[in-house]
$ cat entry.txt   # compact mmCIF, N, CA and C atoms
# COMPACT_ATOMS: atom_id res chain seq x y z
N MET A 5 0.85 -1.17 0.00
CA MET A 5 0.00 0.00 0.00
C MET A 5 0.90 1.24 0.00
N GLU A 6 0.54 2.22 -0.81
CA GLU A 6 1.29 3.47 -0.86
C GLU A 6 0.30 4.62 -0.72
N TYR A 7 0.18 5.15 0.49
CA TYR A 7 -0.79 6.22 0.77
C TYR A 7 -0.20 7.57 0.40
N THR A 8 -0.93 8.34 -0.40
CA THR A 8 -0.44 9.66 -0.83
C THR A 8 -1.42 10.77 -0.48
N GLY A 9 -2.27 10.54 0.47
CA GLY A 9 -3.21 11.57 0.90
C GLY A 9 -4.39 11.70 -0.04
N ALA A 10 -5.37 12.47 0.40
CA ALA A 10 -6.57 12.73 -0.39
C ALA A 10 -6.42 14.08 -1.08
N GLN A 11 -7.32 14.39 -1.99
CA GLN A 11 -7.28 15.68 -2.69
C GLN A 11 -7.43 16.84 -1.73
N SER A 12 -8.12 16.63 -0.63
CA SER A 12 -8.36 17.71 0.33
C SER A 12 -7.23 17.83 1.36
N GLU A 13 -6.11 17.13 1.11
CA GLU A 13 -4.98 17.15 2.03
C GLU A 13 -3.73 17.63 1.32
N ARG A 14 -2.80 18.18 2.10
CA ARG A 14 -1.50 18.54 1.55
C ARG A 14 -0.42 17.84 2.37
N GLY A 15 0.59 17.37 1.70
CA GLY A 15 1.66 16.64 2.37
C GLY A 15 2.73 17.57 2.91
N VAL A 16 3.23 17.27 4.10
CA VAL A 16 4.34 17.99 4.70
C VAL A 16 5.23 16.98 5.42
N PRO A 17 6.53 17.25 5.49
CA PRO A 17 7.39 16.36 6.27
C PRO A 17 7.02 16.47 7.75
N ALA A 18 7.05 15.37 8.47
CA ALA A 18 6.68 15.37 9.89
C ALA A 18 7.52 16.37 10.68
N GLY A 19 8.76 16.59 10.28
CA GLY A 19 9.63 17.53 10.96
C GLY A 19 9.17 18.97 10.90
N GLU A 20 8.23 19.28 10.00
CA GLU A 20 7.71 20.65 9.90
C GLU A 20 6.49 20.88 10.79
N LEU A 21 6.00 19.84 11.44
CA LEU A 21 4.87 20.01 12.34
C LEU A 21 5.31 20.79 13.57
N ASP A 22 4.44 21.71 14.01
CA ASP A 22 4.73 22.48 15.21
C ASP A 22 3.45 22.69 15.99
N ARG A 23 3.51 23.52 17.03
CA ARG A 23 2.34 23.69 17.90
C ARG A 23 1.10 24.21 17.17
N SER A 24 1.28 24.90 16.05
CA SER A 24 0.12 25.39 15.31
C SER A 24 -0.70 24.25 14.69
N HIS A 25 -0.11 23.07 14.59
CA HIS A 25 -0.80 21.92 14.00
C HIS A 25 -1.59 21.11 15.02
N ILE A 26 -1.40 21.38 16.30
CA ILE A 26 -2.14 20.63 17.33
C ILE A 26 -3.64 20.90 17.17
N GLY A 27 -4.41 19.85 17.16
CA GLY A 27 -5.86 19.95 16.96
C GLY A 27 -6.28 19.71 15.52
N GLN A 28 -5.33 19.73 14.60
CA GLN A 28 -5.66 19.49 13.20
C GLN A 28 -5.74 17.99 12.92
N THR A 29 -6.51 17.65 11.89
CA THR A 29 -6.62 16.27 11.46
C THR A 29 -5.42 15.93 10.59
N VAL A 30 -4.88 14.75 10.83
CA VAL A 30 -3.70 14.31 10.09
C VAL A 30 -3.91 12.88 9.61
N SER A 31 -3.27 12.53 8.52
CA SER A 31 -3.25 11.14 8.08
C SER A 31 -1.83 10.82 7.61
N PHE A 32 -1.44 9.58 7.78
CA PHE A 32 -0.11 9.15 7.36
C PHE A 32 -0.05 7.64 7.35
N GLN A 33 0.98 7.13 6.76
CA GLN A 33 1.19 5.68 6.68
C GLN A 33 2.45 5.35 7.48
N PRO A 34 2.29 4.87 8.72
CA PRO A 34 3.46 4.59 9.56
C PRO A 34 4.24 3.33 9.15
N ASN A 35 3.58 2.43 8.46
CA ASN A 35 4.24 1.21 7.96
C ASN A 35 3.54 0.80 6.67
N GLU A 36 3.99 -0.24 6.05
CA GLU A 36 3.43 -0.58 4.73
C GLU A 36 2.01 -1.15 4.76
N PHE A 37 1.49 -1.46 5.96
CA PHE A 37 0.17 -2.08 6.05
C PHE A 37 -0.91 -1.18 6.64
N THR A 38 -0.53 -0.04 7.22
CA THR A 38 -1.47 0.76 8.00
C THR A 38 -1.52 2.20 7.53
N VAL A 39 -2.73 2.76 7.47
CA VAL A 39 -2.92 4.20 7.26
C VAL A 39 -3.65 4.70 8.50
N VAL A 40 -3.16 5.78 9.08
CA VAL A 40 -3.71 6.32 10.32
C VAL A 40 -4.39 7.66 10.03
N PHE A 41 -5.57 7.85 10.61
CA PHE A 41 -6.29 9.12 10.54
C PHE A 41 -6.60 9.52 11.97
N GLY A 42 -6.27 10.72 12.36
CA GLY A 42 -6.55 11.15 13.72
C GLY A 42 -6.34 12.65 13.87
N ARG A 43 -6.57 13.11 15.08
CA ARG A 43 -6.39 14.53 15.40
C ARG A 43 -5.14 14.65 16.27
N ILE A 44 -4.26 15.57 15.91
CA ILE A 44 -3.00 15.73 16.64
C ILE A 44 -3.28 16.27 18.04
N ALA A 45 -2.89 15.49 19.06
CA ALA A 45 -3.05 15.91 20.45
C ALA A 45 -1.76 16.51 20.98
N GLY A 46 -0.64 16.04 20.48
CA GLY A 46 0.65 16.55 20.93
C GLY A 46 1.75 16.15 19.97
N ILE A 47 2.83 16.93 19.99
CA ILE A 47 3.97 16.68 19.12
C ILE A 47 5.24 16.81 19.96
N ALA A 48 6.13 15.85 19.84
CA ALA A 48 7.45 15.95 20.45
C ALA A 48 8.46 15.66 19.34
N ARG A 49 9.61 16.30 19.42
CA ARG A 49 10.59 16.16 18.35
C ARG A 49 12.00 16.01 18.87
N THR A 50 12.78 15.27 18.15
CA THR A 50 14.23 15.26 18.29
C THR A 50 14.75 15.66 16.91
N GLU A 51 16.05 15.67 16.74
CA GLU A 51 16.59 16.03 15.43
C GLU A 51 16.15 15.07 14.34
N ALA A 52 16.06 13.80 14.68
CA ALA A 52 15.78 12.79 13.66
C ALA A 52 14.34 12.27 13.67
N MET A 53 13.63 12.40 14.80
CA MET A 53 12.32 11.78 14.92
C MET A 53 11.25 12.77 15.37
N VAL A 54 10.02 12.48 14.99
CA VAL A 54 8.85 13.23 15.44
C VAL A 54 7.92 12.23 16.11
N TYR A 55 7.44 12.59 17.28
CA TYR A 55 6.55 11.72 18.05
C TYR A 55 5.18 12.37 18.08
N LEU A 56 4.19 11.70 17.50
CA LEU A 56 2.83 12.22 17.44
C LEU A 56 1.93 11.49 18.41
N SER A 57 1.19 12.24 19.17
CA SER A 57 0.14 11.70 20.02
C SER A 57 -1.17 12.12 19.38
N LEU A 58 -2.07 11.16 19.18
CA LEU A 58 -3.31 11.43 18.45
C LEU A 58 -4.54 11.20 19.31
N ASP A 59 -5.55 12.02 19.09
CA ASP A 59 -6.88 11.80 19.67
C ASP A 59 -7.71 11.02 18.66
N GLY A 60 -8.58 10.17 19.15
CA GLY A 60 -9.54 9.50 18.27
C GLY A 60 -9.01 8.29 17.55
N VAL A 61 -7.85 7.76 17.95
CA VAL A 61 -7.30 6.61 17.25
C VAL A 61 -7.27 5.37 18.14
N ALA A 62 -6.82 5.49 19.37
CA ALA A 62 -6.66 4.33 20.25
C ALA A 62 -8.00 3.72 20.63
N GLY A 63 -7.97 2.54 21.13
CA GLY A 63 -9.19 1.90 21.60
C GLY A 63 -9.51 0.63 20.86
N GLY A 64 -9.06 0.52 19.61
CA GLY A 64 -9.29 -0.72 18.87
C GLY A 64 -8.25 -1.75 19.27
N THR A 65 -8.43 -2.94 18.83
CA THR A 65 -7.53 -4.01 19.22
C THR A 65 -6.09 -3.76 18.80
N HIS A 66 -5.89 -3.27 17.60
CA HIS A 66 -4.53 -3.09 17.10
C HIS A 66 -4.17 -1.62 16.92
N LEU A 67 -5.00 -0.72 17.40
CA LEU A 67 -4.75 0.70 17.19
C LEU A 67 -4.01 1.30 18.37
N LYS A 68 -3.12 2.20 18.07
CA LYS A 68 -2.42 2.92 19.13
C LYS A 68 -2.57 4.42 18.88
N ASP A 69 -2.27 5.22 19.87
CA ASP A 69 -2.44 6.67 19.71
C ASP A 69 -1.12 7.44 19.75
N GLU A 70 0.00 6.73 19.67
CA GLU A 70 1.30 7.37 19.62
C GLU A 70 2.12 6.75 18.50
N TYR A 71 2.78 7.61 17.72
CA TYR A 71 3.55 7.14 16.58
C TYR A 71 4.90 7.85 16.53
N ASP A 72 5.94 7.10 16.21
CA ASP A 72 7.28 7.64 16.02
C ASP A 72 7.54 7.67 14.52
N LEU A 73 7.83 8.85 13.99
CA LEU A 73 8.07 8.99 12.57
C LEU A 73 9.40 9.68 12.33
N PRO A 74 10.13 9.29 11.29
CA PRO A 74 11.33 10.04 10.92
C PRO A 74 10.93 11.47 10.53
N SER A 75 11.80 12.43 10.74
CA SER A 75 11.49 13.84 10.45
C SER A 75 11.08 14.07 9.00
N ASN A 76 11.62 13.26 8.09
CA ASN A 76 11.29 13.46 6.67
C ASN A 76 10.08 12.65 6.21
N HIS A 77 9.43 11.93 7.12
CA HIS A 77 8.25 11.12 6.78
C HIS A 77 7.07 12.04 6.40
N GLU A 78 6.46 11.76 5.29
CA GLU A 78 5.35 12.59 4.80
C GLU A 78 4.07 12.33 5.61
N VAL A 79 3.47 13.40 6.11
CA VAL A 79 2.17 13.33 6.76
C VAL A 79 1.24 14.27 5.98
N TYR A 80 -0.05 14.04 6.08
CA TYR A 80 -1.01 14.80 5.29
C TYR A 80 -1.97 15.53 6.21
N LEU A 81 -2.07 16.84 6.00
CA LEU A 81 -2.96 17.70 6.78
C LEU A 81 -4.11 18.15 5.91
N GLN A 82 -5.26 18.37 6.52
CA GLN A 82 -6.41 18.90 5.79
C GLN A 82 -6.05 20.29 5.27
N VAL A 83 -6.40 20.56 4.04
CA VAL A 83 -6.16 21.88 3.47
C VAL A 83 -7.05 22.88 4.19
N ASP A 84 -6.47 23.99 4.58
CA ASP A 84 -7.20 25.05 5.28
C ASP A 84 -8.00 25.83 4.24
N VAL A 85 -9.29 25.55 4.15
CA VAL A 85 -10.16 26.15 3.13
C VAL A 85 -10.21 27.66 3.27
N ILE A 86 -10.27 28.17 4.48
CA ILE A 86 -10.37 29.62 4.68
C ILE A 86 -9.10 30.32 4.21
N THR A 87 -7.93 29.79 4.58
CA THR A 87 -6.68 30.40 4.14
C THR A 87 -6.57 30.34 2.62
N ASN A 88 -6.94 29.21 2.02
CA ASN A 88 -6.90 29.10 0.57
C ASN A 88 -7.84 30.10 -0.09
N ALA A 89 -9.03 30.27 0.48
CA ALA A 89 -9.99 31.23 -0.08
C ALA A 89 -9.45 32.65 0.05
N GLU A 90 -8.86 32.99 1.20
CA GLU A 90 -8.28 34.32 1.38
C GLU A 90 -7.19 34.58 0.37
N SER A 91 -6.34 33.60 0.16
CA SER A 91 -5.24 33.72 -0.79
C SER A 91 -5.77 33.93 -2.20
N THR A 92 -6.79 33.15 -2.58
CA THR A 92 -7.38 33.29 -3.91
C THR A 92 -8.01 34.66 -4.09
N ILE A 93 -8.72 35.14 -3.08
CA ILE A 93 -9.36 36.46 -3.16
C ILE A 93 -8.31 37.55 -3.28
N LYS A 94 -7.23 37.46 -2.50
CA LYS A 94 -6.15 38.45 -2.58
C LYS A 94 -5.53 38.46 -3.97
N ASP A 95 -5.29 37.27 -4.52
CA ASP A 95 -4.72 37.18 -5.87
C ASP A 95 -5.64 37.83 -6.89
N LEU A 96 -6.94 37.51 -6.81
CA LEU A 96 -7.90 38.08 -7.75
C LEU A 96 -8.00 39.59 -7.58
N PHE A 97 -8.01 40.07 -6.34
CA PHE A 97 -8.09 41.50 -6.07
C PHE A 97 -6.87 42.21 -6.66
N GLY A 98 -5.69 41.60 -6.50
CA GLY A 98 -4.46 42.17 -7.06
C GLY A 98 -4.54 42.27 -8.58
N LYS A 99 -5.08 41.24 -9.23
CA LYS A 99 -5.21 41.26 -10.69
C LYS A 99 -6.20 42.33 -11.13
N VAL A 100 -7.31 42.47 -10.39
CA VAL A 100 -8.30 43.50 -10.72
C VAL A 100 -7.66 44.89 -10.58
N GLN A 101 -6.90 45.09 -9.50
CA GLN A 101 -6.23 46.38 -9.30
C GLN A 101 -5.26 46.66 -10.44
N ASP A 102 -4.48 45.66 -10.83
CA ASP A 102 -3.54 45.83 -11.93
C ASP A 102 -4.27 46.18 -13.22
N ASN A 103 -5.39 45.51 -13.48
CA ASN A 103 -6.18 45.80 -14.68
C ASN A 103 -6.76 47.21 -14.64
N LEU A 104 -7.25 47.63 -13.48
CA LEU A 104 -7.81 48.97 -13.36
C LEU A 104 -6.73 50.03 -13.53
N ARG A 105 -5.57 49.80 -12.97
CA ARG A 105 -4.46 50.74 -13.13
C ARG A 105 -4.07 50.84 -14.59
N GLY A 106 -4.03 49.70 -15.25
CA GLY A 106 -3.67 49.67 -16.67
C GLY A 106 -4.68 50.44 -17.51
N SER A 107 -5.96 50.25 -17.28
CA SER A 107 -6.98 50.94 -18.07
C SER A 107 -7.06 52.41 -17.65
N GLY A 108 -6.75 52.69 -16.38
CA GLY A 108 -6.76 54.08 -15.92
C GLY A 108 -5.70 54.90 -16.62
N HIS A 109 -4.54 54.32 -16.82
CA HIS A 109 -3.46 55.04 -17.50
C HIS A 109 -3.84 55.31 -18.95
N ARG A 110 -4.46 54.36 -19.59
CA ARG A 110 -4.87 54.55 -20.98
C ARG A 110 -5.94 55.64 -21.06
N GLY A 111 -6.84 55.64 -20.08
CA GLY A 111 -7.89 56.66 -20.05
C GLY A 111 -7.29 58.04 -19.84
N GLU A 112 -6.30 58.16 -18.97
CA GLU A 112 -5.65 59.45 -18.75
C GLU A 112 -4.93 59.91 -20.00
N ASP A 113 -4.30 58.97 -20.70
CA ASP A 113 -3.60 59.33 -21.94
C ASP A 113 -4.58 59.89 -22.95
N ARG A 114 -5.79 59.32 -23.01
CA ARG A 114 -6.78 59.80 -23.96
C ARG A 114 -7.25 61.21 -23.62
N THR A 115 -7.43 61.51 -22.35
CA THR A 115 -7.90 62.86 -21.98
C THR A 115 -6.81 63.90 -22.24
N ASP A 116 -5.53 63.50 -22.16
CA ASP A 116 -4.45 64.43 -22.46
C ASP A 116 -4.46 64.81 -23.94
N ARG A 117 -4.90 63.91 -24.77
CA ARG A 117 -4.92 64.18 -26.22
C ARG A 117 -6.07 65.11 -26.60
N LEU A 118 -7.12 65.17 -25.78
CA LEU A 118 -8.28 65.97 -26.15
C LEU A 118 -8.02 67.38 -25.93

$ encode --input "entry.txt" --output "structure tokens"
Amino acid sequence: MEYTGAQSERGVPAGELDRSHIGQTVSFQPNEFTVVFGRIAGIARTEAMVYLSLDGVAGGTHLKDEYDLPSNHEVYLQVDVITNAESTIKDLFGKVQDNLRGSGHRGEDRTDRL
């Protein structure tokens, strides 16, 4: 099995996880047979390893709520829809401003000729 996340997720190396990710939903493949989905309860790090504690995972016969991952191990976080929407709106607003500035200059040039 080779888990590469869902369309609504973005991959990041486990070593990039920090306190801002606590409470977010994460998915990853800790070994070749298992895919884990859970909410990050805590993160501990060393130079080489990241230790994730998860809410909502333990309790099954073979499920655990703590995982040790190499820092470069890919984990998948839910895409932040609000941040993406803000970014898209800012980009569109910038393009509209550029277009208005461009047409404004042409309009000014025309009035100078009259």

$ closest_residue --input "entry.txt" --among "A:Arg105, A:Lys94, A:Gly42, A:Met5" --to "A:Ala62" --atoms "only C-alpha atoms"
A:Gly42

$ closest_residue --input "entry.txt" --among "A:His66, A:Thr38, A:Asp102, A:Glu20" --to "A:Glu6" --atoms "only C-alpha atoms"
A:Thr38

$ atom_distance --input "entry.txt" --atom1 "atom C of A:Leu73" --atom2 "atom C of A:Ala52"
5.7 Å

$ closest_residue --input "entry.txt" --among "A:Val30, A:Leu58, A:Met53, A:Ile44" --to "A:Ala18" --atoms "all atoms listed in the file"
A:Met53

$ closest_residue --input "entry.txt" --among "A:Phe41, A:Tyr7, A:Tyr55, A:Phe32" --to "A:Asp72" --atoms "all atoms listed in the file"
A:Tyr55

$ select_by_dssp --input "entry.txt" --residues "stretch 16-98 of chain A" --states "alpha helix (DSSP H)" --output "PyMOL selection string"
chain A and resi 85-98

$ select_by_dssp --input "entry.txt" --residues "stretch 7-116 of chain A" --states "strand (DSSP E or B)" --output "ChimeraX atom specification"
/A:13-17,29-35,38-49,53-59,62,64,70-74,78-82

$ atom_distance --input "entry.txt" --atom1 "atom N of A:Tyr80" --atom2 "atom CA of A:Asp95"
26.5 Å

$ closest_residue --input "entry.txt" --among "A:Ala10, A:Leu104, A:Ala45, A:Val39" --to "A:His25" --atoms "only C-alpha atoms"
A:Ala45

$ atom_distance --input "entry.txt" --atom1 "atom CA of A:Leu21" --atom2 "atom CA of A:Val61"
18.8 Å

$ closest_residue --input "entry.txt" --among "A:Phe97, A:Asn103, A:Asp22, A:Gln33" --to "A:Val79" --atoms "all atoms listed in the file"
A:Gln33

$ residues_around --input "entry.txt" --residues "A:Gly15" --least-positions-apart "2" --cutoff "9 Å" --atoms "only C-alpha atoms" --output "PyMOL selection string"
chain A and resi 8-9+13+17+78-81

$ residues_near_point --input "entry.txt" --point "(0.2, 12.6, 18.8)" --cutoff "7 Å" --atoms "all atoms listed in the file" --output "number ranges by chain"
A: 43-48, 55-59, 69-71
